[in-house]
>>> print(open('target18.tsv').read())   # TSV, C-alpha atoms
chain	number	residue	atom	x	y	z
A	1	MET	CA	-42.77	-6.35	1.96
A	2	ILE	CA	-41.05	-7.11	-1.34
A	3	ARG	CA	-41.17	-10.75	-2.42
A	4	HIS	CA	-40.19	-12.73	-5.51
A	5	GLY	CA	-42.82	-12.95	-8.26
A	6	GLY	CA	-44.90	-16.11	-8.48
A	7	HIS	CA	-44.13	-16.93	-12.11
A	8	GLU	CA	-42.01	-19.91	-13.09
A	9	PRO	CA	-38.64	-18.82	-14.50
A	10	THR	CA	-37.80	-19.38	-18.14
A	11	PRO	CA	-35.15	-22.03	-18.85
A	12	GLU	CA	-32.61	-19.29	-19.55
A	13	THR	CA	-33.38	-17.55	-16.24
A	14	ALA	CA	-33.38	-20.87	-14.37
A	15	GLU	CA	-29.87	-21.56	-15.65
A	16	ILE	CA	-28.69	-18.18	-14.35
A	17	LEU	CA	-30.40	-18.73	-11.00
A	18	ALA	CA	-28.70	-22.11	-10.63
A	19	ARG	CA	-25.29	-20.48	-11.01
A	20	ILE	CA	-25.82	-17.88	-8.29
A	21	ALA	CA	-23.57	-18.64	-5.31
A	22	PRO	CA	-21.56	-16.77	-2.69
A	23	VAL	CA	-18.74	-14.78	-4.29
A	24	GLN	CA	-15.34	-16.39	-3.73
A	25	LEU	CA	-12.65	-13.73	-3.27
A	26	PRO	CA	-8.96	-13.87	-2.36
A	27	SER	CA	-8.48	-13.64	1.39
A	28	ALA	CA	-6.07	-10.91	2.44
A	29	SER	CA	-3.30	-12.14	4.74
A	30	PRO	CA	-3.13	-10.06	7.93
A	31	LEU	CA	-0.36	-7.63	8.82
A	32	VAL	CA	0.33	-7.27	12.55
A	33	LEU	CA	2.44	-4.34	13.75
A	34	ARG	CA	2.54	-2.44	17.05
A	35	GLY	CA	-0.50	-4.34	18.33
A	36	HIS	CA	-2.59	-3.44	15.27
A	37	ARG	CA	-4.01	-6.05	12.91
A	38	PHE	CA	-4.80	-5.11	9.32
A	39	ASP	CA	-6.75	-7.50	7.10
A	40	ALA	CA	-9.61	-7.67	4.61
A	41	ALA	CA	-12.06	-6.21	7.12
A	42	SER	CA	-9.70	-3.39	8.05
A	43	PRO	CA	-7.28	-2.69	5.19
A	44	ALA	CA	-4.53	-0.26	6.08
A	45	VAL	CA	-3.86	3.19	4.68
A	46	MET	CA	-0.14	4.03	4.64
A	47	ALA	CA	0.29	7.78	4.38
A	48	ILE	CA	3.43	9.19	2.77
A	49	VAL	CA	5.51	11.99	4.25
A	50	ASN	CA	8.43	12.84	1.97
A	51	ARG	CA	11.17	14.83	3.74
A	52	THR	CA	12.41	16.02	0.37
A	53	ARG	CA	12.35	19.06	-1.88
A	54	ASP	CA	11.98	17.02	-5.06
A	55	SER	CA	9.22	14.45	-4.69
A	56	PHE	CA	7.65	13.68	-8.10
A	57	PHE	CA	4.34	14.84	-6.60
A	58	SER	CA	4.56	18.49	-5.61
A	59	GLY	CA	1.83	18.03	-3.02
A	60	ASN	CA	4.13	15.87	-0.87
A	61	ARG	CA	7.35	17.86	-0.50
A	62	HIS	CA	8.03	18.44	3.17
A	63	ALA	CA	11.68	19.38	3.53
A	64	ASP	CA	10.55	21.98	6.06
A	65	LEU	CA	10.11	20.36	9.49
A	66	GLU	CA	6.92	22.20	10.39
A	67	SER	CA	5.40	21.29	7.03
A	68	ALA	CA	6.23	17.62	7.66
A	69	LYS	CA	4.68	17.74	11.12
A	70	ALA	CA	1.51	19.29	9.73
A	71	ALA	CA	1.36	16.62	7.02
A	72	LEU	CA	1.60	13.81	9.57
A	73	ARG	CA	-1.06	15.35	11.81
A	74	ALA	CA	-3.38	15.73	8.81
A	75	ALA	CA	-2.76	12.14	7.73
A	76	VAL	CA	-3.66	10.80	11.17
A	77	GLU	CA	-6.80	12.94	11.30
A	78	GLN	CA	-7.87	11.71	7.85
A	79	GLY	CA	-7.59	8.04	8.79
A	80	ALA	CA	-4.02	6.88	8.19
A	81	ASP	CA	-3.00	3.68	9.97
A	82	LEU	CA	0.67	3.83	9.03
A	83	VAL	CA	2.94	6.71	8.05
A	84	ASP	CA	5.84	6.02	5.68
A	85	VAL	CA	8.65	8.55	6.00
A	86	GLY	CA	11.33	8.90	3.33
A	87	GLY	CA	14.25	11.24	2.80
A	88	VAL	CA	15.32	10.46	-0.77
A	89	ARG	CA	13.41	10.70	-4.04
A	90	ALA	CA	12.95	7.23	-5.51
A	91	GLY	CA	13.80	8.01	-9.14
A	92	GLN	CA	17.08	9.10	-10.69
A	93	GLU	CA	15.97	12.70	-11.04
A	94	GLY	CA	16.63	15.08	-8.16
A	95	GLU	CA	19.42	15.79	-5.76
A	96	VAL	CA	22.05	13.38	-4.45
A	97	VAL	CA	21.42	12.44	-0.81
A	98	ASP	CA	24.06	10.52	1.14
A	99	ALA	CA	23.33	8.36	4.17
A	100	ASP	CA	24.23	11.05	6.70
A	101	GLU	CA	21.87	13.55	5.10
A	102	GLU	CA	19.14	10.94	4.87
A	103	VAL	CA	19.48	10.27	8.61
A	104	ARG	CA	19.27	14.00	9.37
A	105	ARG	CA	16.08	14.26	7.32
A	106	VAL	CA	14.17	11.29	8.70
A	107	VAL	CA	15.35	10.17	12.14
A	108	PRO	CA	14.64	13.32	14.23
A	109	PHE	CA	11.24	13.57	12.54
A	110	LEU	CA	10.46	9.92	13.30
A	111	GLU	CA	11.47	10.48	16.92
A	112	TRP	CA	9.07	13.43	17.12
A	113	ALA	CA	6.33	11.39	15.44
A	114	ARG	CA	6.77	8.53	17.91
A	115	SER	CA	6.44	10.85	20.91
A	116	GLU	CA	3.58	12.85	19.40
A	117	HIS	CA	1.58	9.87	18.11
A	118	PRO	CA	2.57	6.77	20.11
A	119	GLU	CA	-0.29	4.74	18.63
A	120	ILE	CA	0.55	5.22	14.94
A	121	VAL	CA	2.57	2.64	13.02
A	122	LEU	CA	5.73	4.28	11.67
A	123	SER	CA	7.51	3.09	8.55
A	124	LEU	CA	10.93	4.12	7.25
A	125	ASP	CA	11.36	4.23	3.47
A	126	THR	CA	15.05	3.48	2.89
A	127	TRP	CA	17.33	1.03	1.13
A	128	ARG	CA	20.28	1.70	3.48
A	129	SER	CA	20.92	-0.45	6.54
A	130	GLU	CA	22.85	2.32	8.31
A	131	VAL	CA	19.82	4.61	8.12
A	132	ALA	CA	17.51	1.93	9.49
A	133	ARG	CA	19.89	1.24	12.38
A	134	GLU	CA	19.76	4.90	13.37
A	135	ALA	CA	15.97	4.57	13.64
A	136	THR	CA	16.14	1.81	16.26
A	137	GLY	CA	13.30	2.08	18.73
A	138	VAL	CA	11.15	4.45	16.68
A	139	VAL	CA	10.10	2.52	13.56
A	140	ASP	CA	7.78	-0.47	13.25
A	141	LEU	CA	8.41	-1.20	9.58
A	142	VAL	CA	11.33	-0.87	7.18
A	143	ASN	CA	10.12	-0.22	3.63
A	144	ASP	CA	12.95	-1.46	1.43
A	145	THR	CA	11.84	-0.11	-1.93
A	146	TRP	CA	14.94	-1.39	-3.72
A	147	ALA	CA	14.57	-5.15	-3.34
A	148	GLY	CA	17.37	-5.98	-0.93
A	149	HIS	CA	20.10	-3.99	-2.69
A	150	ASP	CA	21.69	-3.60	0.75
A	151	ARG	CA	21.74	-7.21	1.96
A	152	ASP	CA	22.21	-6.14	5.56
A	153	LEU	CA	18.96	-4.20	5.66
A	154	VAL	CA	16.67	-7.16	6.30
A	155	HIS	CA	18.90	-8.27	9.17
A	156	VAL	CA	18.90	-4.78	10.69
A	157	ALA	CA	15.09	-4.75	10.46
A	158	SER	CA	15.02	-8.04	12.34
A	159	GLU	CA	17.47	-6.81	14.97
A	160	ILE	CA	15.45	-3.67	15.72
A	161	GLY	CA	12.17	-5.62	15.86
A	162	ALA	CA	10.64	-4.03	12.76
A	163	GLY	CA	8.57	-5.53	9.99
A	164	TYR	CA	9.97	-5.54	6.48
A	165	VAL	CA	8.73	-4.79	2.95
A	166	ILE	CA	9.90	-7.05	0.12
A	167	SER	CA	9.85	-5.25	-3.23
A	168	HIS	CA	10.35	-6.06	-6.90
A	169	THR	CA	12.41	-3.74	-9.09
A	170	GLY	CA	13.37	-5.97	-12.00
A	171	GLY	CA	16.94	-6.11	-10.70
A	172	LEU	CA	17.57	-2.36	-10.97
A	173	PRO	CA	19.81	-0.62	-8.39
A	174	PRO	CA	18.50	2.27	-6.25
A	175	ARG	CA	17.29	5.42	-7.97
A	176	THR	CA	17.27	3.88	-11.45
A	177	ASP	CA	14.43	4.59	-13.83
A	178	PRO	CA	13.44	1.72	-16.17
A	179	VAL	CA	14.78	1.76	-19.74
A	180	ASP	CA	14.21	-0.86	-22.49
A	181	VAL	CA	12.36	-3.15	-20.06
A	182	SER	CA	11.51	-6.69	-21.14
A	183	TYR	CA	10.52	-9.73	-19.10
A	184	GLY	CA	9.81	-11.92	-22.14
A	185	ASP	CA	7.38	-12.25	-25.00
A	186	ASP	CA	4.48	-13.45	-22.87
A	187	PRO	CA	2.73	-10.53	-21.08
A	188	LEU	CA	2.43	-12.78	-18.01
A	189	ASP	CA	6.21	-13.18	-17.72
A	190	VAL	CA	6.39	-10.03	-15.60
A	191	VAL	CA	3.79	-11.50	-13.20
A	192	ARG	CA	5.80	-14.72	-12.93
A	193	ASP	CA	8.97	-12.74	-12.20
A	194	VAL	CA	7.22	-10.65	-9.54
A	195	VAL	CA	5.81	-13.71	-7.78
A	196	GLN	CA	9.16	-15.55	-7.82
A	197	VAL	CA	11.20	-12.59	-6.60
A	198	LEU	CA	8.76	-11.73	-3.81
A	199	ALA	CA	8.56	-15.36	-2.66
A	200	ARG	CA	12.34	-15.58	-2.54
A	201	GLY	CA	12.67	-12.27	-0.67
A	202	ALA	CA	10.00	-13.23	1.86
A	203	GLY	CA	11.87	-16.46	2.54
A	204	VAL	CA	15.04	-14.49	3.22
A	205	ALA	CA	13.15	-12.26	5.65
A	206	GLU	CA	11.69	-15.23	7.51
A	207	ARG	CA	15.11	-16.85	7.81
A	208	ALA	CA	16.41	-13.53	9.16
A	209	GLY	CA	13.91	-13.92	12.02
A	210	ILE	CA	11.05	-11.65	10.93
A	211	PRO	CA	7.64	-13.21	11.64
A	212	LYS	CA	5.46	-13.90	8.63
A	213	GLU	CA	2.74	-11.51	9.81
A	214	ARG	CA	5.29	-8.66	9.77
A	215	ILE	CA	6.49	-9.28	6.21
A	216	LEU	CA	4.83	-7.26	3.45
A	217	VAL	CA	5.27	-8.13	-0.21
A	218	ASP	CA	5.05	-5.25	-2.67
A	219	PRO	CA	4.76	-5.79	-6.44
A	220	THR	CA	6.25	-2.28	-6.70
A	221	LEU	CA	4.39	-0.93	-9.70
A	222	ASP	CA	6.40	1.40	-11.98
A	223	PHE	CA	9.76	0.24	-10.57
A	224	GLY	CA	11.57	-1.68	-13.32
A	225	LYS	CA	8.30	-1.87	-15.24
A	226	THR	CA	6.57	-0.35	-18.22
A	227	THR	CA	3.00	0.88	-17.87
A	228	ALA	CA	1.82	-2.33	-19.56
A	229	ASN	CA	3.83	-4.35	-17.03
A	230	SER	CA	2.34	-2.49	-14.07
A	231	LEU	CA	-1.20	-2.90	-15.35
A	232	GLU	CA	-0.66	-6.64	-15.87
A	233	VAL	CA	0.75	-7.06	-12.37
A	234	LEU	CA	-2.13	-5.06	-10.90
A	235	ARG	CA	-4.63	-7.36	-12.64
A	236	HIS	CA	-2.85	-10.29	-11.01
A	237	THR	CA	-2.80	-8.95	-7.45
A	238	ALA	CA	-4.60	-12.13	-6.39
A	239	ASP	CA	-1.59	-14.19	-7.50
A	240	VAL	CA	0.66	-12.14	-5.23
A	241	VAL	CA	-1.88	-12.52	-2.39
A	242	ALA	CA	-1.71	-16.29	-2.93
A	243	LEU	CA	1.88	-16.27	-1.62
A	244	GLY	CA	0.34	-16.03	1.85
A	245	TYR	CA	1.89	-12.74	2.99
A	246	PRO	CA	0.11	-9.40	3.41
A	247	VAL	CA	0.37	-7.43	0.18
A	248	LEU	CA	1.33	-3.76	-0.07
A	249	GLN	CA	0.19	-1.87	-3.14
A	250	ALA	CA	1.86	1.50	-3.77
A	251	ILE	CA	-0.35	2.97	-6.48
A	252	SER	CA	-0.91	6.59	-5.61
A	253	ARG	CA	-0.40	9.01	-8.53
A	254	LYS	CA	2.23	6.80	-10.16
A	255	ASP	CA	3.30	7.08	-13.78
A	256	PHE	CA	1.35	4.01	-14.92
A	257	VAL	CA	-1.80	5.85	-13.80
A	258	GLY	CA	-0.64	9.03	-15.50
A	259	GLU	CA	0.24	7.31	-18.78
A	260	THR	CA	-3.01	5.33	-18.79
A	261	LEU	CA	-5.03	8.55	-18.54
A	262	ASP	CA	-2.42	10.96	-20.02
A	263	LEU	CA	-2.48	13.11	-16.89
A	264	PRO	CA	0.19	14.81	-14.73
A	265	ALA	CA	0.76	13.73	-11.13
A	266	GLU	CA	-1.48	16.51	-9.79
A	267	GLU	CA	-4.49	15.08	-11.70
A	268	ARG	CA	-4.16	11.36	-11.01
A	269	LEU	CA	-6.34	11.00	-7.91
A	270	GLU	CA	-9.37	9.37	-9.53
A	271	GLY	CA	-7.26	6.93	-11.54
A	272	SER	CA	-5.30	6.03	-8.42
A	273	LEU	CA	-8.48	5.35	-6.45
A	274	ALA	CA	-9.88	3.17	-9.24
A	275	ALA	CA	-6.70	1.08	-9.28
A	276	THR	CA	-6.74	0.97	-5.48
A	277	ALA	CA	-10.28	-0.41	-5.48
A	278	VAL	CA	-9.28	-3.18	-7.91
A	279	ALA	CA	-6.26	-4.18	-5.79
A	280	ALA	CA	-8.36	-4.15	-2.61
A	281	TRP	CA	-11.03	-6.32	-4.26
A	282	LEU	CA	-8.28	-8.79	-5.20
A	283	GLY	CA	-7.00	-9.08	-1.63
A	284	ALA	CA	-4.24	-6.53	-1.00
A	285	THR	CA	-3.96	-5.43	2.63
A	286	VAL	CA	-1.96	-2.17	2.76
A	287	PHE	CA	-2.11	0.85	0.45
A	288	ARG	CA	0.61	3.49	0.30
A	289	THR	CA	-0.92	6.82	-0.71
A	290	HIS	CA	-0.52	10.55	-1.05
A	291	ASP	CA	-4.29	10.94	-0.60
A	292	VAL	CA	-5.35	9.55	2.77
A	293	ARG	CA	-9.01	10.56	3.03
A	294	GLY	CA	-10.02	9.39	-0.43
A	295	THR	CA	-8.09	6.14	-0.08
A	296	ARG	CA	-9.59	5.46	3.35
A	297	ARG	CA	-13.11	5.85	2.02
A	298	ALA	CA	-12.45	3.79	-1.10
A	299	LEU	CA	-10.96	0.93	0.93
A	300	ASP	CA	-13.80	0.93	3.45
A	301	MET	CA	-16.31	0.81	0.61
A	302	VAL	CA	-14.54	-2.09	-1.09
A	303	ALA	CA	-14.22	-4.00	2.19
A	304	THR	CA	-17.98	-3.67	2.68
A	305	ILE	CA	-18.83	-4.69	-0.89
A	306	ARG	CA	-16.59	-7.74	-0.44
A	307	GLY	CA	-18.57	-8.61	2.69
A	308	ASP	CA	-15.64	-8.24	5.08
A	309	ARG	CA	-16.84	-5.07	6.83
A	310	PRO	CA	-20.40	-4.15	7.82
A	311	PRO	CA	-21.83	-0.78	6.76
A	312	ARG	CA	-21.48	1.96	9.36
A	313	LEU	CA	-25.23	2.55	9.02
A	314	ALA	CA	-27.89	0.22	7.59
A	315	VAL	CA	-31.42	1.58	8.09
A	316	ARG	CA	-32.74	1.96	4.55
A	317	GLY	CA	-35.84	-0.22	4.11
A	318	VAL	CA	-35.52	-1.70	7.61
A	319	PRO	CA	-38.78	-1.83	9.63
A	320	ARG	CA	-38.97	0.84	12.30
A	321	ASP	CA	-38.96	-0.21	15.95
A	322	ARG	CA	-42.54	0.44	17.00
A	323	SER	CA	-41.74	-0.05	20.64
A	324	ALA	CA	-40.08	3.35	20.71
A	325	ASN	CA	-43.49	4.95	20.09
A	326	GLU	CA	-45.43	2.81	22.62
A	327	ASP	CA	-45.18	5.05	25.67
>>> encode(input="target18.tsv", output="structure tokens")
Amino acid sequence: MIRHGGHEPTPETAEILARIAPVQLPSASPLVLRGHRFDAASPAVMAIVNRTRDSFFSGNRHADLESAKAALRAAVEQGADLVDVGGVRAGQEGEVVDADEEVRRVVPFLEWARSEHPEIVLSLDTWRSEVAREATGVVDLVNDTWAGHDRDLVHVASEIGAGYVISHTGGLPPRTDPVDVSYGDDPLDVVRDVVQVLARGAGVAERAGIPKERILVDPTLDFGKTTANSLEVLRHTADVVALGYPVLQAISRKDFVGETLDLPAEERLEGSLAATAVAAWLGATVFRTHDVRGTRRALDMVATIRGDRPPRLAVRGVPRDRSANED
């Protein structure tokens, strides 16, 4: 058996030993949807299925219905807890998609997904209230990526019994890429703006009748932000967690990862997982990703390092049970 040495510690070592204490980490607020609870012990992986031909990441273009179905099945098999379905590319590049076309792309697919996988939590990525209304009865979450641009959307989400994502876009309208962005001279001004906007939006959602445990706040990295802004906000995930709502981090293969490493979207997996691990350590609850299996494993590892989740297996160095051999 391994034991501490019998020597008295030096004064320098004694000072270090006196400082050792349990690690204090931000506590992730739980998200509760469709009977599932996601928290620090079981952080959620939100898979992405883009019903588009022009997603910025070529690996997630599923305009073809059978391709989209295969993508959802694969996401579930790889450990997704939620699936976020969108029909319009977020940025200003790409084709124009009106509300009717968006409905045609996402609603029949969501209806199929609900019947095929009744246990999975389904999210609709839209900024349009008319699209969300058409998804009544099939979605559990409305992911409003454009910060309440359509003021009716939060009320529609409440009416259809869905949760709601509050986002931060720096005041930009839908499908607008950031240009000449500035939140002030202090690098922390962007963090202050994110916290204030998300707090205000969450209050609107609560007043609309959405329970607190069904409101996600999303710092929305890249949207209305420079790479420096996104990195600063990521470092301050704990300050967003302190608002008391479950936090969504949408990190996967984004431009701030690409610019940090000077890599195209197809080569940003490792950088995305590193950023994901940092956000999970700081208390985020839900992670939107193009890469389900890697994200699932990274989150489970972080949850265990934090002490929120036990290892699946823990036999290394443990005494063997002798009774099994006494027969």
>>> closest_residue(input="target18.tsv", among="A:Asn143, A:Pro43, A:Arg19, A:Phe57", to="Glu267 in chain A", atoms="all atoms listed in the file")
A:Phe57
>>> closest_atom_pairs(input="target18.tsv", of="range 232-302 of chain A", to="range 198-218 of chain A", cutoff="12 Å", atoms="all atoms listed in the file", output="JSON lines")
{"residue": "A:Val233", "atom": "CA", "partner": "A:Asp218", "partner_atom": "CA", "distance": 10.8}
{"residue": "A:Leu234", "atom": "CA", "partner": "A:Asp218", "partner_atom": "CA", "distance": 10.9}
{"residue": "A:Thr237", "atom": "CA", "partner": "A:Asp218", "partner_atom": "CA", "distance": 9.9}
{"residue": "A:Asp239", "atom": "CA", "partner": "A:Leu198", "partner_atom": "CA", "distance": 11.3}
{"residue": "A:Val240", "atom": "CA", "partner": "A:Val217", "partner_atom": "CA", "distance": 7.9}
{"residue": "A:Val241", "atom": "CA", "partner": "A:Val217", "partner_atom": "CA", "distance": 8.7}
{"residue": "A:Ala242", "atom": "CA", "partner": "A:Ala199", "partner_atom": "CA", "distance": 10.3}
{"residue": "A:Leu243", "atom": "CA", "partner": "A:Ala199", "partner_atom": "CA", "distance": 6.8}
{"residue": "A:Gly244", "atom": "CA", "partner": "A:Lys212", "partner_atom": "CA", "distance": 8.8}
{"residue": "A:Tyr245", "atom": "CA", "partner": "A:Leu216", "partner_atom": "CA", "distance": 6.2}
{"residue": "A:Pro246", "atom": "CA", "partner": "A:Leu216", "partner_atom": "CA", "distance": 5.2}
{"residue": "A:Val247", "atom": "CA", "partner": "A:Val217", "partner_atom": "CA", "distance": 5.0}
{"residue": "A:Leu248", "atom": "CA", "partner": "A:Asp218", "partner_atom": "CA", "distance": 4.8}
{"residue": "A:Gln249", "atom": "CA", "partner": "A:Asp218", "partner_atom": "CA", "distance": 5.9}
{"residue": "A:Ala250", "atom": "CA", "partner": "A:Asp218", "partner_atom": "CA", "distance": 7.5}
{"residue": "A:Ile251", "atom": "CA", "partner": "A:Asp218", "partner_atom": "CA", "distance": 10.5}
{"residue": "A:Ala279", "atom": "CA", "partner": "A:Asp218", "partner_atom": "CA", "distance": 11.8}
{"residue": "A:Ala284", "atom": "CA", "partner": "A:Asp218", "partner_atom": "CA", "distance": 9.5}
{"residue": "A:Thr285", "atom": "CA", "partner": "A:Leu216", "partner_atom": "CA", "distance": 9.0}
{"residue": "A:Val286", "atom": "CA", "partner": "A:Leu216", "partner_atom": "CA", "distance": 8.5}
{"residue": "A:Phe287", "atom": "CA", "partner": "A:Asp218", "partner_atom": "CA", "distance": 9.9}
{"residue": "A:Arg288", "atom": "CA", "partner": "A:Asp218", "partner_atom": "CA", "distance": 10.2}
>>> atom_distance(input="target18.tsv", atom1="CA of Val292 in chain A", atom2="CA of Lys225 in chain A")
25.3 Å
>>> closest_residue(input="target18.tsv", among="A:Glu119, A:Asp150, A:Glu159, A:Asp64", to="Val49 in chain A", atoms="all atoms listed in the file")
A:Asp64
>>> closest_residue(input="target18.tsv", among="A:Ala18, A:Ser27, A:Arg320, A:Thr10", to="Asp308 in chain A", atoms="all atoms listed in the file")
A:Ser27
>>> atom_distance(input="target18.tsv", atom1="CA of Leu141 in chain A", atom2="CA of Leu124 in chain A")
6.3 Å
>>> atom_distance(input="target18.tsv", atom1="CA of Glu130 in chain A", atom2="CA of Gly148 in chain A")
13.6 Å
>>> closest_residue(input="target18.tsv", among="A:Arg104, A:Gly317, A:Leu282, A:Ala71", to="Ala238 in chain A", atoms="all atoms listed in the file")
A:Leu282
>>> residues_near_point(input="target18.tsv", point="(13.4, -7.4, 17.0)", cutoff="10 Å", atoms="all atoms listed in the file", output="PyMOL selection string")
chain A and resi 136-137+140+155-163+209-211
>>> axis_aligned_box(input="target18.tsv", around="range 65-68 of chain A", padding_each_side="4 Å", output="lines of an AutoDock Vina configuration file")
center_x = 7.8
center_y = 19.9
center_z = 8.7
size_x = 12.7
size_y = 12.6
size_z = 11.4
>>> closest_residue(input="target18.tsv", among="A:Asp193, A:Glu259, A:Asp177, A:Glu8", to="Gly224 in chain A", atoms="all atoms listed in the file")
A:Asp177
>>> residues_around(input="target18.tsv", residues="Leu188 in chain A", least_positions_apart="5", cutoff="10 Å", atoms="all atoms listed in the file", output="list of chain:residue names")
A:Tyr183, A:Asp193, A:Val194, A:Asn229, A:Glu232, A:Val233, A:His236
>>> closest_residue(input="target18.tsv", among="A:Thr304, A:Asn50, A:Ser252, A:Thr289", to="His62 in chain A", atoms="all atoms listed in the file")
A:Asn50
